[in-house]
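Chemist: What follows is entry04.cif; its format and atoms are mmCIF, C-alpha atoms.
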data_protein
#
loop_
_atom_site.group_PDB
_atom_site.id
_atom_site.type_symbol
_atom_site.label_atom_id
_atom_site.label_comp_id
_atom_site.auth_asym_id
_atom_site.auth_seq_id
_atom_site.Cartn_x
_atom_site.Cartn_y
_atom_site.Cartn_z
ATOM 1 C CA MET A 267 76.611 6.020 149.740
ATOM 2 C CA ASP A 268 73.330 4.262 149.081
ATOM 3 C CA ALA A 269 71.006 6.976 147.786
ATOM 4 C CA LEU A 270 67.892 4.821 148.080
ATOM 5 C CA GLN A 271 68.482 4.025 151.753
ATOM 6 C CA THR A 272 69.245 7.683 152.478
ATOM 7 C CA LEU A 273 66.012 8.809 150.808
ATOM 8 C CA LYS A 274 64.012 6.160 152.695
ATOM 9 C CA ALA A 275 65.284 7.646 155.973
ATOM 10 C CA THR A 276 64.265 11.190 154.959
ATOM 11 C CA ASP A 277 60.931 12.667 156.088
ATOM 12 C CA MET A 278 60.397 14.345 152.723
ATOM 13 C CA PHE A 279 60.145 10.928 151.066
ATOM 14 C CA ARG A 280 58.118 9.183 153.780
ATOM 15 C CA ASN A 281 55.615 6.640 152.358
ATOM 16 C CA VAL A 282 56.966 6.840 148.799
ATOM 17 C CA PRO A 283 57.014 3.207 147.606
ATOM 18 C CA ASP A 284 60.499 1.734 147.059
ATOM 19 C CA GLU A 285 59.978 1.211 143.334
ATOM 20 C CA GLU A 286 59.163 4.875 142.859
ATOM 21 C CA LEU A 287 61.776 6.065 145.339
ATOM 22 C CA ALA A 288 64.393 4.223 143.267
ATOM 23 C CA LYS A 289 63.516 6.602 140.407
ATOM 24 C CA VAL A 290 64.265 9.564 142.672
ATOM 25 C CA ALA A 291 67.538 7.921 143.733
ATOM 26 C CA GLU A 292 68.588 7.810 140.070
ATOM 27 C CA LEU A 293 68.428 11.629 140.019
ATOM 28 C CA CYS A 294 70.758 12.001 143.018
ATOM 29 C CA LYS A 295 74.364 13.100 142.773
ATOM 30 C CA GLU A 296 76.716 12.873 145.766
ATOM 31 C CA VAL A 297 78.523 16.100 146.677
ATOM 32 C CA SER A 298 80.769 16.973 149.637
ATOM 33 C CA PHE A 299 81.616 20.163 151.515
ATOM 34 C CA ASN A 300 84.177 20.910 154.196
ATOM 35 C CA LYS A 301 83.388 22.460 157.564
ATOM 36 C CA GLY A 302 82.876 26.206 157.087
ATOM 37 C CA ASP A 303 82.048 26.028 153.361
ATOM 38 C CA VAL A 304 79.054 28.035 152.140
ATOM 39 C CA ILE A 305 76.800 25.562 150.340
ATOM 40 C CA MET A 306 74.290 28.113 149.091
ATOM 41 C CA GLU A 307 73.984 31.865 149.339
ATOM 42 C CA GLU A 308 70.832 33.820 150.075
ATOM 43 C CA GLY A 309 69.295 35.247 146.889
ATOM 44 C CA SER A 310 70.920 32.759 144.505
ATOM 45 C CA GLU A 311 68.917 30.681 142.034
ATOM 46 C CA GLY A 312 67.385 27.509 143.439
ATOM 47 C CA LEU A 313 68.376 24.854 140.941
ATOM 48 C CA CYS A 314 68.583 21.891 143.303
ATOM 49 C CA LEU A 315 67.653 20.633 146.742
ATOM 50 C CA TYR A 316 69.813 18.621 149.116
ATOM 51 C CA VAL A 317 69.323 15.595 151.342
ATOM 52 C CA ILE A 318 71.786 15.122 154.215
ATOM 53 C CA PRO A 319 73.027 11.579 154.750
ATOM 54 C CA GLU A 320 75.938 12.730 156.906
ATOM 55 C CA GLY A 321 76.909 15.994 158.615
ATOM 56 C CA LEU A 322 75.449 19.197 160.023
ATOM 57 C CA VAL A 323 74.594 22.477 158.279
ATOM 58 C CA SER A 324 73.296 25.795 159.591
ATOM 59 C CA ILE A 325 70.559 27.851 157.966
ATOM 60 C CA ASP A 326 71.360 31.538 158.541
ATOM 61 C CA VAL A 327 69.197 34.521 157.579
ATOM 62 C CA ARG A 328 69.995 38.218 157.282
ATOM 63 C CA VAL A 329 68.573 40.454 159.950
ATOM 64 C CA GLY A 330 68.033 44.197 159.644
ATOM 65 C CA ASP A 331 70.494 45.878 157.287
ATOM 66 C CA GLY A 332 71.946 42.546 156.225
ATOM 67 C CA ILE A 333 75.162 42.800 158.204
ATOM 68 C CA TYR A 334 73.988 40.627 161.076
ATOM 69 C CA ARG A 335 73.147 36.995 160.463
ATOM 70 C CA GLN A 336 70.861 35.012 162.733
ATOM 71 C CA ARG A 337 70.992 31.209 162.794
ATOM 72 C CA ALA A 338 67.422 30.175 162.049
ATOM 73 C CA TYR A 339 68.024 26.474 162.634
ATOM 74 C CA GLU A 340 70.345 23.559 161.895
ATOM 75 C CA VAL A 341 69.691 20.493 159.808
ATOM 76 C CA THR A 342 71.409 17.147 160.026
ATOM 77 C CA GLN A 343 71.238 13.535 158.881
ATOM 78 C CA GLY A 344 67.879 12.706 157.314
ATOM 79 C CA ASP A 345 66.896 16.338 156.713
ATOM 80 C CA VAL A 346 66.489 18.294 153.484
ATOM 81 C CA PHE A 347 67.223 21.898 152.593
ATOM 82 C CA GLY A 348 66.813 23.988 149.479
ATOM 83 C CA GLU A 349 63.349 22.496 149.010
ATOM 84 C CA LEU A 350 61.724 25.882 148.318
ATOM 85 C CA ALA A 351 63.339 25.671 144.887
ATOM 86 C CA LEU A 352 60.546 23.207 144.039
ATOM 87 C CA PHE A 353 58.193 26.205 144.185
ATOM 88 C CA GLY A 354 60.407 28.439 142.035
ATOM 89 C CA HIS A 355 61.849 30.474 144.911
ATOM 90 C CA LYS A 356 65.348 31.875 145.088
ATOM 91 C CA ARG A 357 67.412 30.889 148.101
ATOM 92 C CA THR A 358 66.005 32.500 151.255
ATOM 93 C CA ALA A 359 69.016 31.845 153.492
ATOM 94 C CA ARG A 360 72.733 31.136 153.549
ATOM 95 C CA VAL A 361 73.577 27.521 154.257
ATOM 96 C CA ARG A 362 76.976 26.746 155.754
ATOM 97 C CA ALA A 363 78.574 23.399 156.605
ATOM 98 C CA GLN A 364 79.050 23.117 160.376
ATOM 99 C CA SER A 365 80.978 19.863 159.886
ATOM 100 C CA ASP A 366 82.337 18.005 156.901
ATOM 101 C CA VAL A 367 79.165 16.997 155.054
ATOM 102 C CA ARG A 368 78.136 14.594 152.343
ATOM 103 C CA LEU A 369 74.953 15.495 150.514
ATOM 104 C CA LEU A 370 72.685 14.103 147.871
ATOM 105 C CA GLU A 371 71.959 16.809 145.321
ATOM 106 C CA VAL A 372 68.679 16.576 143.411
ATOM 107 C CA GLN A 373 68.289 18.869 140.407
ATOM 108 C CA ILE A 374 64.886 20.556 140.490
ATOM 109 C CA GLU A 375 63.793 20.322 136.859
ATOM 110 C CA PRO A 376 64.316 16.553 136.444
ATOM 111 C CA PHE A 377 62.661 16.030 139.839
ATOM 112 C CA ARG A 378 59.639 18.140 138.840
ATOM 113 C CA GLN A 379 59.389 16.147 135.614
ATOM 114 C CA LEU A 380 59.481 12.876 137.561
ATOM 115 C CA MET A 381 56.693 14.115 139.863
ATOM 116 C CA LYS A 382 54.585 14.867 136.763
ATOM 117 C CA GLU A 383 55.258 11.426 135.325
ATOM 118 C CA VAL A 384 54.657 9.638 138.640
ATOM 119 C CA PRO A 385 52.030 11.717 140.485
ATOM 120 C CA ARG A 386 52.155 9.528 143.595
ATOM 121 C CA ILE A 387 55.731 10.735 144.213
ATOM 122 C CA GLY A 388 54.534 14.332 143.926
ATOM 123 C CA TYR A 389 51.613 13.693 146.267
ATOM 124 C CA TYR A 390 53.753 12.211 149.047
ATOM 125 C CA VAL A 391 56.558 14.754 148.639
ATOM 126 C CA MET A 392 54.196 17.740 148.772
ATOM 127 C CA HIS A 393 52.252 16.253 151.692
ATOM 128 C CA ASN A 394 55.469 15.654 153.637
ATOM 129 C CA LEU A 395 56.905 19.053 152.692
ATOM 130 C CA SER A 396 53.814 20.825 154.010
ATOM 131 C CA ARG A 397 54.424 19.242 157.412
ATOM 132 C CA ILE A 398 58.179 19.992 157.330
ATOM 133 C CA LEU A 399 57.611 23.624 156.330
ATOM 134 C CA ALA A 400 54.922 24.080 159.001
ATOM 135 C CA GLU A 401 57.372 22.827 161.649
ATOM 136 C CA ARG A 402 60.058 25.212 160.377
ATOM 137 C CA LEU A 403 57.594 28.106 160.430
ATOM 138 C CA MET A 404 56.751 27.345 164.056
ATOM 139 C CA MET A 405 60.476 27.247 164.896
ATOM 140 C CA ALA A 406 61.007 30.575 163.128
ATOM 141 C CA ASN A 407 58.114 32.127 165.078
ATOM 142 C CA ILE A 408 59.618 30.971 168.364
ATOM 143 C CA THR A 409 63.018 32.364 167.366
ATOM 144 C CA MET A 410 61.449 35.695 166.380
ATOM 145 C CA GLN A 411 59.560 35.899 169.673
ATOM 146 C CA ASP A 412 62.800 35.238 171.535
ATOM 147 C CA VAL A 413 64.706 37.919 169.590
ATOM 148 C CA MET A 414 61.901 40.427 170.073
ATOM 149 C CA SER A 415 61.678 39.762 173.805
ATOM 150 C CA ARG A 416 65.446 40.199 174.230
ATOM 151 C CA HIS A 417 65.271 43.556 172.450
ATOM 152 C CA HIS A 418 62.029 44.580 174.204
ATOM 153 C CA ILE A 419 60.146 44.988 170.939
ATOM 154 C CA VAL A 420 56.439 45.113 171.685
ATOM 155 C CA GLY A 421 53.724 44.867 169.067
ATOM 156 C CA GLU A 422 50.427 46.652 169.115
#
Translate the structure described by the file into C-alpha cells.
Modeler:
Amino acid sequence: MDALQTLKATDMFRNVPDEELAKVAELCKEVSFNKGDVIMEEGSEGLCLYVIPEGLVSIDVRVGDGIYRQRAYEVTQGDVFGELALFGHKRTARVRAQSDVRLLEVQIEPFRQLMKEVPRIGYYVMHNLSRILAERLMMANITMQDVMSRHHIVGE
C-alpha cells in the first residue's frame, strides 16, 4: 500500500504539499481487520487515528441505557475516523469493520509533534477537519431528527 497516495486521496490532507505529506506518510503503519472485528470501543483512549484506503466501517453510538446501538454513519475509502483523538478526546463511538479492511494507523503524539514542527500541515489538517466534522454533525442532526420523529418525541 502506498501511504502517500492514500493520504493524497483523503479529505483530511487536502492541499497539504507532497513534500510535507511525505512526512505524514512516514508516521503511518498498515493494519488490517476482518469483517465484524471491533476496531475501537467507545470510551477507550484515543491514541491514534485511521485512514481507510480499502474497506467499509460503521460508526455506532450507544442510545439510551447503552444496550441499543444506533449506526451513526459509515466511512469508506478515503475517509478518516478516530480524528477526535487529536483534541484529546476518548473514543465517542464503537467502530466495527463491515468488510475486510486495510487501514493506515497514525499515532497521535508523533502526528501532533509533526504539526508543531511543520505548522502548514497543522493548518491544512485542522481546516479540513473542521469541514469534515461539520458535515458529520449535520448528518448526526438529521439522524436524530429521524429517530425522534419515528418515536414521536416533540421538543418544546
Chemist: Each residue of range 294-387 of chain A lying at most 12 Å from range 393-413 of chain A should get a row with its shortest atom-to-atom pair and the distance in Å to one decimal, counting all atoms listed in the file; could you produce that, ordered by chain and increasing number, as a tab-separated table?
Modeler:
residue	atom	partner	partner_atom	distance
A:Ile325	CA	A:Arg402	CA	11.1
A:Asp326	CA	A:Ala406	CA	11.4
A:Val327	CA	A:Ala406	CA	10.7
A:Val329	CA	A:Val413	CA	10.7
A:Gln336	CA	A:Thr409	CA	9.5
A:Arg337	CA	A:Thr409	CA	9.3
A:Ala338	CA	A:Ala406	CA	6.5
A:Tyr339	CA	A:Met405	CA	7.9
A:Glu340	CA	A:Arg402	CA	10.5
A:Val341	CA	A:Arg402	CA	10.7
A:Asp345	CA	A:Ile398	CA	9.5
A:Val346	CA	A:Ile398	CA	9.3
A:Phe347	CA	A:Ile398	CA	10.4
A:Gly348	CA	A:Leu399	CA	11.5
A:Glu349	CA	A:Leu395	CA	8.2
A:Leu350	CA	A:Leu399	CA	9.3
A:Leu352	CA	A:Leu395	CA	10.3
A:Phe353	CA	A:Leu395	CA	11.2
A:Arg386	CA	A:His393	CA	10.5
A:Ile387	CA	A:His393	CA	9.9
Chemist: For CA of Tyr316 in chain A and CA of Arg280 in chain A, quote the distance in Å rounded to one decimal.
Modeler: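 A separation of 15.7 Å between them.
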Chemist: Could you tell me which residues the PyMOL selection byres ((chain A and resi 288-304) around 8) returns for this structure, as a CSV table (one decimal) with C-alpha atoms, in the frame of the given file?
Modeler:
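Listed below is the output, selection.csv:
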chain,number,residue,atom,x,y,z
A,267,MET,CA,76.6,6.0,149.7
A,269,ALA,CA,71.0,7.0,147.8
A,270,LEU,CA,67.9,4.8,148.1
A,273,LEU,CA,66.0,8.8,150.8
A,284,ASP,CA,60.5,1.7,147.1
A,285,GLU,CA,60.0,1.2,143.3
A,286,GLU,CA,59.2,4.9,142.9
A,287,LEU,CA,61.8,6.1,145.3
A,305,ILE,CA,76.8,25.6,150.3
A,306,MET,CA,74.3,28.1,149.1
A,307,GLU,CA,74.0,31.9,149.3
A,360,ARG,CA,72.7,31.1,153.5
A,361,VAL,CA,73.6,27.5,154.3
A,362,ARG,CA,77.0,26.7,155.8
A,363,ALA,CA,78.6,23.4,156.6
A,364,GLN,CA,79.0,23.1,160.4
A,365,SER,CA,81.0,19.9,159.9
A,366,ASP,CA,82.3,18.0,156.9
A,367,VAL,CA,79.2,17.0,155.1
A,368,ARG,CA,78.1,14.6,152.3
A,369,LEU,CA,75.0,15.5,150.5
A,370,LEU,CA,72.7,14.1,147.9
A,371,GLU,CA,72.0,16.8,145.3
A,372,VAL,CA,68.7,16.6,143.4
A,373,GLN,CA,68.3,18.9,140.4
A,376,PRO,CA,64.3,16.6,136.4
A,377,PHE,CA,62.7,16.0,139.8
A,380,LEU,CA,59.5,12.9,137.6
Chemist: Using the chain letters and numbers from the file, give me the residues hit by the PyMOL selection byres ((chain A and resi 358) around 8), as a list in words.
Modeler: Glu308, Gly309, Val327, His355, Lys356, Arg357, Ala359 and Arg360 of chain A
Chemist: How many Å lie between CA of Leu313 in chain A and CA of Arg378 in chain A, rounded to one decimal?
Modeler: 11.2 Å
Chemist: Could you state the separation of CA of Val317 in chain A and CA of Ile374 in chain A in Å, given to one decimal place?
Modeler: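 Separating CA of Val317 in chain A from CA of Ile374 in chain A is a distance of 12.7 Å.
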Chemist: Quick one: what's the axis-aligned box for range 274-287 of chain A, all listed atoms, 5 Å on every side, centre and edges in Å to one decimal, as AutoDock Vina command-line options?
Modeler:
--center_x 60.4 --center_y 7.8 --center_z 149.5 --size_x 19.7 --size_y 23.1 --size_z 23.2
